[in-house]
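Here is the file target37.tsv (TSV, C-alpha atoms and all ligand atoms).
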chain	number	residue	atom	x	y	z
A	1	MET	CA	156.32	-88.24	-94.89
A	2	ARG	CA	153.01	-89.00	-93.07
A	3	ASP	CA	151.48	-92.49	-93.39
A	4	SER	CA	148.27	-90.83	-94.69
A	5	ASP	CA	150.27	-89.50	-97.69
A	6	LYS	CA	151.11	-93.08	-98.62
A	7	THR	CA	147.63	-94.57	-98.71
A	8	ASP	CA	147.53	-95.00	-102.51
A	9	ALA	CA	151.20	-95.90	-102.88
A	10	ILE	CA	152.21	-99.00	-104.84
A	11	ILE	CA	155.66	-98.79	-103.27
A	12	ALA	CA	156.29	-97.22	-99.86
A	13	LEU	CA	159.55	-97.02	-97.93
A	14	ASP	CA	158.94	-96.04	-94.31
A	15	ASP	CA	162.03	-94.57	-92.62
A	16	VAL	CA	164.33	-97.10	-94.28
A	17	THR	CA	168.00	-96.85	-93.34
A	18	LEU	CA	171.02	-98.87	-94.38
A	19	ARG	CA	174.81	-98.57	-94.27
A	20	LEU	CA	177.00	-100.05	-97.01
A	21	GLY	CA	180.76	-99.55	-96.93
A	22	GLY	CA	181.16	-95.99	-95.63
A	23	GLN	CA	177.85	-94.75	-97.05
A	24	ASP	CA	174.65	-94.17	-95.05
A	25	PHE	CA	171.33	-94.38	-96.86
A	26	ALA	CA	167.98	-93.03	-95.63
A	27	PHE	CA	164.82	-93.32	-97.71
A	28	ASP	CA	161.23	-92.36	-96.92
A	29	LEU	CA	159.07	-92.25	-100.03
A	30	SER	CA	155.95	-93.36	-101.78
A	31	VAL	CA	155.39	-94.11	-105.45
A	32	THR	CA	151.94	-93.70	-106.99
A	33	PRO	CA	150.82	-96.55	-109.28
A	34	GLY	CA	150.76	-96.68	-113.08
A	35	LYS	CA	153.55	-94.19	-113.69
A	36	MET	CA	157.11	-94.18	-114.94
A	37	THR	CA	159.37	-92.71	-112.25
A	38	ALA	CA	163.05	-91.97	-112.85
A	39	ILE	CA	165.55	-92.56	-110.05
A	40	ALA	CA	168.19	-90.02	-110.97
A	41	GLY	CA	171.39	-88.73	-109.43
A	42	MET	CA	175.13	-88.56	-109.80
A	43	SER	CA	177.32	-91.65	-109.71
A	44	GLY	CA	177.42	-93.09	-106.18
A	45	SER	CA	174.29	-91.23	-104.98
A	46	GLY	CA	172.51	-94.48	-104.12
A	47	LYS	CA	170.26	-95.16	-107.13
A	48	SER	CA	171.06	-98.86	-107.46
A	49	THR	CA	170.92	-99.29	-103.68
A	50	LEU	CA	167.37	-97.89	-103.63
A	51	LEU	CA	166.35	-100.22	-106.46
A	52	ASN	CA	168.01	-103.17	-104.71
A	53	LEU	CA	166.09	-102.41	-101.50
A	54	ILE	CA	162.80	-102.44	-103.41
A	55	ALA	CA	163.77	-105.61	-105.33
A	56	GLY	CA	164.95	-107.38	-102.15
A	57	PHE	CA	168.67	-107.71	-103.00
A	58	GLU	CA	169.45	-105.43	-100.04
A	59	GLN	CA	167.63	-105.43	-96.71
A	60	PRO	CA	167.02	-102.34	-94.56
A	61	GLU	CA	168.63	-102.10	-91.13
A	62	THR	CA	165.64	-100.12	-89.87
A	63	GLY	CA	162.25	-99.23	-91.33
A	64	ARG	CA	159.95	-101.20	-93.60
A	65	ILE	CA	159.12	-101.61	-97.26
A	66	ARG	CA	155.59	-102.08	-98.54
A	67	ILE	CA	154.68	-103.13	-102.07
A	68	CYS	CA	151.05	-103.25	-103.26
A	69	GLY	CA	150.01	-102.57	-99.66
A	70	LYS	CA	151.87	-105.62	-98.28
A	71	ASP	CA	154.86	-105.47	-95.96
A	72	VAL	CA	157.65	-107.18	-97.93
A	73	THR	CA	160.52	-106.25	-95.59
A	74	GLY	CA	162.79	-109.28	-95.29
A	75	LEU	CA	161.22	-111.14	-98.23
A	76	PRO	CA	163.62	-112.42	-100.94
A	77	PRO	CA	163.44	-110.99	-104.48
A	78	ALA	CA	161.47	-113.94	-105.87
A	79	ALA	CA	158.66	-113.36	-103.35
A	80	ARG	CA	158.15	-109.73	-104.41
A	81	PRO	CA	155.74	-108.67	-107.20
A	82	VAL	CA	158.47	-107.11	-109.33
A	83	SER	CA	160.26	-107.74	-112.64
A	84	LEU	CA	163.80	-106.56	-113.19
A	85	VAL	CA	165.82	-105.50	-116.21
A	86	PHE	CA	169.48	-104.63	-115.80
A	87	GLN	CA	172.04	-103.14	-118.16
A	88	ASP	CA	173.49	-106.58	-118.93
A	89	HIS	CA	173.63	-110.10	-117.48
A	90	ASN	CA	169.95	-110.33	-118.30
A	91	LEU	CA	170.23	-113.47	-120.39
A	92	PHE	CA	171.89	-116.87	-119.92
A	93	ALA	CA	174.36	-117.33	-122.80
A	94	HIS	CA	173.92	-121.12	-123.12
A	95	LEU	CA	170.12	-120.99	-123.36
A	96	ASP	CA	168.04	-120.01	-126.38
A	97	LEU	CA	165.69	-117.02	-126.18
A	98	ALA	CA	162.51	-119.06	-125.65
A	99	THR	CA	164.15	-120.71	-122.62
A	100	ASN	CA	165.59	-117.47	-121.30
A	101	ILE	CA	162.18	-115.82	-121.48
A	102	GLY	CA	160.39	-118.92	-120.18
A	103	LEU	CA	162.49	-118.60	-117.02
A	104	GLY	CA	160.59	-115.39	-116.36
A	105	ILE	CA	157.38	-117.41	-116.09
A	106	ASP	CA	158.68	-120.47	-114.21
A	107	PRO	CA	162.30	-120.84	-113.02
A	108	SER	CA	161.91	-124.65	-113.19
A	109	LEU	CA	160.75	-124.30	-116.82
A	110	ARG	CA	157.64	-126.44	-116.49
A	111	LEU	CA	155.88	-124.44	-119.19
A	112	THR	CA	152.39	-125.14	-120.46
A	113	ALA	CA	151.41	-124.71	-124.12
A	114	GLU	CA	149.86	-121.37	-123.09
A	115	ASP	CA	153.10	-120.28	-121.44
A	116	LYS	CA	155.02	-121.10	-124.63
A	117	GLN	CA	152.52	-119.09	-126.62
A	118	ALA	CA	152.97	-116.19	-124.17
A	119	VAL	CA	156.74	-116.36	-124.76
A	120	SER	CA	156.27	-116.17	-128.54
A	121	GLN	CA	153.80	-113.31	-128.17
A	122	ALA	CA	156.20	-111.38	-125.94
A	123	LEU	CA	158.99	-111.87	-128.49
A	124	GLN	CA	156.68	-110.61	-131.19
A	125	ARG	CA	155.68	-107.61	-129.07
A	126	VAL	CA	159.28	-106.46	-128.73
A	127	GLY	CA	160.04	-106.97	-132.43
A	128	LEU	CA	161.76	-110.37	-132.14
A	129	ALA	CA	159.14	-112.63	-133.74
A	130	GLY	CA	160.64	-116.01	-134.67
A	131	PHE	CA	163.75	-115.58	-132.50
A	132	GLU	CA	162.80	-118.43	-130.13
A	133	LYS	CA	165.76	-120.69	-130.99
A	134	ARG	CA	168.41	-117.96	-131.18
A	135	LYS	CA	171.17	-117.84	-128.55
A	136	PRO	CA	171.93	-114.44	-126.96
A	137	SER	CA	175.43	-114.39	-128.54
A	138	THR	CA	173.84	-114.22	-132.01
A	139	LEU	CA	171.91	-111.04	-131.15
A	140	SER	CA	172.89	-107.38	-131.27
A	141	GLY	CA	172.96	-105.34	-128.05
A	142	GLY	CA	169.59	-103.79	-128.86
A	143	GLU	CA	168.05	-107.20	-129.62
A	144	ARG	CA	169.35	-108.58	-126.31
A	145	GLN	CA	167.76	-105.67	-124.48
A	146	ARG	CA	164.48	-106.30	-126.32
A	147	ALA	CA	164.65	-109.93	-125.20
A	148	ALA	CA	165.15	-108.76	-121.61
A	149	PHE	CA	162.00	-106.65	-121.92
A	150	ALA	CA	160.15	-109.69	-123.31
A	151	ARG	CA	161.15	-111.67	-120.21
A	152	ALA	CA	159.88	-108.87	-117.99
A	153	LEU	CA	156.62	-108.77	-119.99
A	154	VAL	CA	155.78	-112.46	-119.54
A	155	ARG	CA	156.11	-112.13	-115.76
A	156	ARG	CA	153.05	-109.84	-115.68
A	157	LYS	CA	154.11	-108.22	-112.40
A	158	PRO	CA	152.64	-104.87	-111.34
A	159	ILE	CA	156.09	-103.31	-110.92
A	160	LEU	CA	159.00	-103.13	-113.36
A	161	LEU	CA	162.42	-102.12	-112.03
A	162	LEU	CA	165.06	-101.05	-114.56
A	163	ASP	CA	168.69	-100.31	-113.69
A	164	GLU	CA	170.37	-98.28	-116.45
A	165	PRO	CA	168.75	-100.50	-119.10
A	166	PHE	CA	170.09	-98.50	-122.05
A	167	ALA	CA	173.59	-97.76	-120.80
A	168	ALA	CA	175.29	-100.18	-123.20
A	169	LEU	CA	173.41	-98.95	-126.27
A	170	ASP	CA	174.38	-96.29	-128.80
A	171	PRO	CA	172.26	-93.08	-128.92
A	172	GLY	CA	170.01	-94.16	-131.82
A	173	LEU	CA	169.18	-97.45	-130.15
A	174	ARG	CA	168.62	-95.73	-126.81
A	175	ALA	CA	165.92	-93.60	-128.42
A	176	SER	CA	164.13	-96.56	-130.03
A	177	MET	CA	164.33	-98.63	-126.81
A	178	ALA	CA	162.95	-95.66	-124.88
A	179	ASP	CA	160.01	-95.50	-127.32
A	180	LEU	CA	159.41	-99.24	-126.87
A	181	LEU	CA	159.49	-98.89	-123.09
A	182	ILE	CA	156.96	-96.03	-123.20
A	183	GLU	CA	154.64	-98.12	-125.43
A	184	LEU	CA	154.92	-101.18	-123.18
A	185	GLN	CA	154.27	-99.12	-120.04
A	186	ARG	CA	151.15	-97.57	-121.61
A	187	GLU	CA	149.85	-101.02	-122.56
A	188	THR	CA	150.57	-102.76	-119.26
A	189	ARG	CA	150.04	-99.75	-116.95
A	190	GLN	CA	152.87	-101.17	-114.87
A	191	SER	CA	154.51	-98.94	-112.31
A	192	VAL	CA	158.02	-98.49	-113.65
A	193	LEU	CA	161.08	-97.30	-111.75
A	194	ILE	CA	164.05	-96.60	-113.98
A	195	VAL	CA	167.53	-95.80	-112.68
A	196	THR	CA	169.41	-93.37	-114.89
A	197	HIS	CA	172.21	-90.85	-114.72
A	198	ASP	CA	171.08	-89.35	-118.06
A	199	PRO	CA	168.86	-86.21	-117.99
A	200	GLN	CA	167.65	-87.07	-121.50
A	201	ASP	CA	166.20	-90.38	-120.25
A	202	VAL	CA	164.44	-88.46	-117.47
A	203	GLN	CA	162.98	-86.02	-119.96
A	204	ARG	CA	161.77	-88.54	-122.53
A	205	LEU	CA	160.59	-91.29	-120.21
A	206	ALA	CA	159.52	-90.21	-116.76
A	207	GLU	CA	156.43	-88.55	-115.33
A	208	ASP	CA	158.02	-88.23	-111.89
A	209	VAL	CA	161.60	-88.02	-110.66
A	210	LEU	CA	163.25	-89.18	-107.46
A	211	PHE	CA	166.56	-87.34	-107.28
A	212	LEU	CA	169.14	-88.82	-104.92
A	213	ASP	CA	172.19	-87.20	-103.41
A	214	GLN	CA	174.58	-88.87	-100.95
A	215	GLY	CA	172.21	-91.68	-100.05
A	216	LYS	CA	169.15	-89.45	-99.51
A	217	ILE	CA	166.21	-88.14	-101.54
A	218	LEU	CA	166.92	-84.52	-102.40
A	219	MET	CA	163.79	-83.99	-104.49
A	220	HIS	CA	160.71	-86.03	-105.47
A	221	CYS	CA	158.50	-84.18	-107.95
A	222	ASN	CA	157.04	-84.28	-111.45
A	223	THR	CA	159.45	-84.15	-114.38
A	224	LYS	CA	158.42	-80.69	-115.55
A	225	ARG	CA	159.25	-79.19	-112.19
A	226	PHE	CA	162.48	-81.18	-112.00
A	227	LEU	CA	163.64	-79.92	-115.39
A	228	SER	CA	162.70	-76.31	-114.57
A	229	GLY	CA	165.84	-76.11	-112.47
A	230	GLU	CA	164.10	-74.59	-109.45
A	231	GLY	CA	165.48	-77.31	-107.17
A	232	PRO	CA	168.77	-77.48	-105.26
A	233	ALA	CA	172.10	-76.72	-106.99
A	234	ALA	CA	173.01	-80.43	-107.18
A	235	ILE	CA	170.10	-80.88	-109.60
A	236	ALA	CA	171.31	-78.05	-111.85
A	237	THR	CA	174.72	-79.75	-111.96
A	238	PHE	CA	173.09	-83.05	-112.87
A	239	LEU	CA	170.96	-81.44	-115.60
A	240	GLY	CA	173.80	-79.58	-117.31
A	241	PRO	CA	172.44	-78.36	-120.68
A	242	TYR	CA	168.98	-79.64	-119.70
A	243	HIS	CA	168.91	-77.03	-116.97
A	244	ARG	CA	166.40	-74.41	-118.09
A	245	ARG	CA	166.72	-71.79	-115.38
A	246	ASP	CA	168.15	-69.21	-117.82
B	1	LIG	N1	177.61	-103.75	-101.29
B	1	LIG	C1	178.26	-102.61	-101.05
B	1	LIG	N2	179.33	-102.57	-100.21
B	1	LIG	C2	179.98	-101.41	-99.96
B	1	LIG	N3	179.64	-100.22	-100.49
B	1	LIG	C3	178.60	-100.20	-101.33
B	1	LIG	C4	177.85	-101.38	-101.65
B	1	LIG	N4	176.86	-101.04	-102.50
B	1	LIG	C5	176.98	-99.71	-102.71
B	1	LIG	N5	178.02	-99.21	-102.01
B	1	LIG	C6	178.45	-97.80	-101.99
B	1	LIG	O1	177.32	-96.98	-101.83
B	1	LIG	C7	177.39	-95.86	-102.68
B	1	LIG	C8	176.17	-95.81	-103.57
B	1	LIG	O2	176.22	-96.87	-104.49
B	1	LIG	P1	175.10	-97.11	-105.61
B	1	LIG	O3	175.58	-98.21	-106.48
B	1	LIG	O4	173.77	-97.28	-104.98
B	1	LIG	O5	175.14	-95.72	-106.38
B	1	LIG	P2	174.56	-95.33	-107.83
B	1	LIG	O6	173.91	-94.00	-107.66
B	1	LIG	O7	173.72	-96.43	-108.37
B	1	LIG	O8	175.90	-95.17	-108.65
B	1	LIG	P3	176.26	-95.41	-110.22
B	1	LIG	O9	175.46	-94.39	-110.99
B	1	LIG	O10	177.72	-95.13	-110.28
B	1	LIG	O11	175.89	-96.82	-110.54
B	1	LIG	C9	178.69	-95.97	-103.45
B	1	LIG	O12	179.64	-95.15	-102.79
B	1	LIG	C10	179.06	-97.42	-103.35
B	1	LIG	O13	180.46	-97.62	-103.34

Would it be possible to restate this file's structure as structure tokens?
Amino acid sequence: MRDSDKTDAIIALDDVTLRLGGQDFAFDLSVTPGKMTAIAGMSGSGKSTLLNLIAGFEQPETGRIRICGKDVTGLPPAARPVSLVFQDHNLFAHLDLATNIGLGIDPSLRLTAEDKQAVSQALQRVGLAGFEKRKPSTLSGGERQRAAFARALVRRKPILLLDEPFAALDPGLRASMADLLIELQRETRQSVLIVTHDPQDVQRLAEDVLFLDQGKILMHCNTKRFLSGEGPAAIATFLGPYHRRD
């Protein structure tokens, strides 16, 4: 990809390479701002590794990573303008929800009255008004995931990274969490990258798709084109019944 194609990118990976275990990874890509992009692919294709490179949990061996126009290569996760939501381990079990979410604003928890108000507002926004004093163990799986979104919301970062955020939820809850995520993205206009191995998530959530295969990008296109099945055979396999070539 030429540098001139990346001028408006909110995230750009320039010839990034990395080797983990026996797997080589090579990523060159740019993400346009204000969209929801799915990172899709079969198990082991490198989805989490790509997200971890952007978040700063993995470092490239060669190449560079730019976020919001700034070279962040080598910077730790906390120094990058991103929020993260994972499938689980999002919340500290011994802390109540207000504290868990407050950590998203200030890890040392020196919260102002305004910060505390922002925590309550975020809880309200995700349908957990009044849950400030509840411990994570007293919540359902869906409520815990809502709380994780609330923590991402209070951070007010331009980029939201999600790694299989709905994987632990049953199908009904997945659909309502997907609706909530779409609403939040429209309100905040955050650039969202969501890792998924589920074609249905791609269809209902994403405008664009980055499809990975064996540590590389096989296709980067809009969702309509991705679902049309005109891409490589590996994509048809991934899509299964969502494959509309017939
Ligand atoms: N820290 C690591 N050390 C050794 N190998 C690793 C490491 N991280 C990832 N890998 C390997 O790299 C490959 C890609 O892993 P990755 O977790 O990025 O895939 P994925 O597409 O997210 O898979 P899944 O959908 O199963 O979570 C796998 O073969 C994995 O075993």

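Each of A:Leu210, A:Leu139, A:Ala152, A:Leu111 was checked against ligand LIG 1 (chain B) using only C-alpha atoms and all ligand atoms; the smallest atom-to-atom distance is that of A:Leu210.
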
**Asked** Got a sec: who's within 7 Å of segment 70-86 of chain A, counting only C-alpha atoms, leaving out chain neighbours fewer than 3 positions off, as a ChimeraX atom specification?
**Response** /A:55-57,59,64-67,90,148-149,152,155,157-165

Find the nearest atom pair between each residue of chain A and ligand LIG 1 (chain B) for residues within 8 Å, count all atoms listed in the file, give distances in Å to one decimal, sort rows by chain and ascending number, and present the table as a Markdown table.
| residue | atom | partner | partner_atom | distance |
| --- | --- | --- | --- | --- |
| A:Leu20 | CA | B:LIG1 | N3 | 4.4 |
| A:Gly21 | CA | B:LIG1 | C2 | 3.6 |
| A:Gly22 | CA | B:LIG1 | N3 | 6.6 |
| A:Gln23 | CA | B:LIG1 | O1 | 5.3 |
| A:Asp24 | CA | B:LIG1 | O1 | 7.8 |
| A:Ala40 | CA | B:LIG1 | O6 | 7.7 |
| A:Gly41 | CA | B:LIG1 | O6 | 6.1 |
| A:Met42 | CA | B:LIG1 | O9 | 6.0 |
| A:Ser43 | CA | B:LIG1 | O10 | 3.5 |
| A:Gly44 | CA | B:LIG1 | O5 | 3.5 |
| A:Ser45 | CA | B:LIG1 | O6 | 3.9 |
| A:Gly46 | CA | B:LIG1 | O4 | 3.2 |
| A:Lys47 | CA | B:LIG1 | O6 | 3.9 |
| A:Ser48 | CA | B:LIG1 | O7 | 3.7 |
| A:Thr49 | CA | B:LIG1 | O4 | 3.7 |
| A:Leu50 | CA | B:LIG1 | O4 | 6.6 |
| A:Val195 | CA | B:LIG1 | O7 | 7.6 |
| A:Thr196 | CA | B:LIG1 | O9 | 7.3 |
| A:His197 | CA | B:LIG1 | O9 | 6.1 |
| A:Leu212 | CA | B:LIG1 | O6 | 7.6 |
| A:Gln214 | CA | B:LIG1 | C8 | 7.6 |
| A:Gly215 | CA | B:LIG1 | C8 | 6.7 |

**Message:** What's around Ser140 of chain A at 12 Å? Count only C-alpha atoms, leave out sequence neighbours fewer than 3 positions away in its own chain, and write the answer as a PyMOL selection string.
**Reply:** chain A and resi 128+134-137+143-147+168-170+173

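Atom CA of Leu29 of chain A is found 18.5 Å from atom CA of Ile235 of chain A.
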
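Comparing the minimum interatomic distances between Pro241 of chain A and each of A:Arg125, A:Cys221, A:Phe166, A:Asp198, counting all atoms listed in the file, we find that A:Asp198 sits nearest.
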
Can you sort out the box for segment 44-60 of chain A, edges along x, y and z, all listed atoms in, 5 Å on every side, with centre and edge lengths in Å to one decimal, as JSON?
{"center_x": 170.1, "center_y": -99.5, "center_z": -101.0, "size_x": 24.6, "size_y": 26.5, "size_z": 22.9}

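Note that atom CA of Val154 of chain A and atom CA of Arg204 of chain A are 24.8 Å apart.
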
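Between atom CA of Leu13 of chain A and atom CA of Leu205 of chain A the interatomic distance comes to 23.0 Å.
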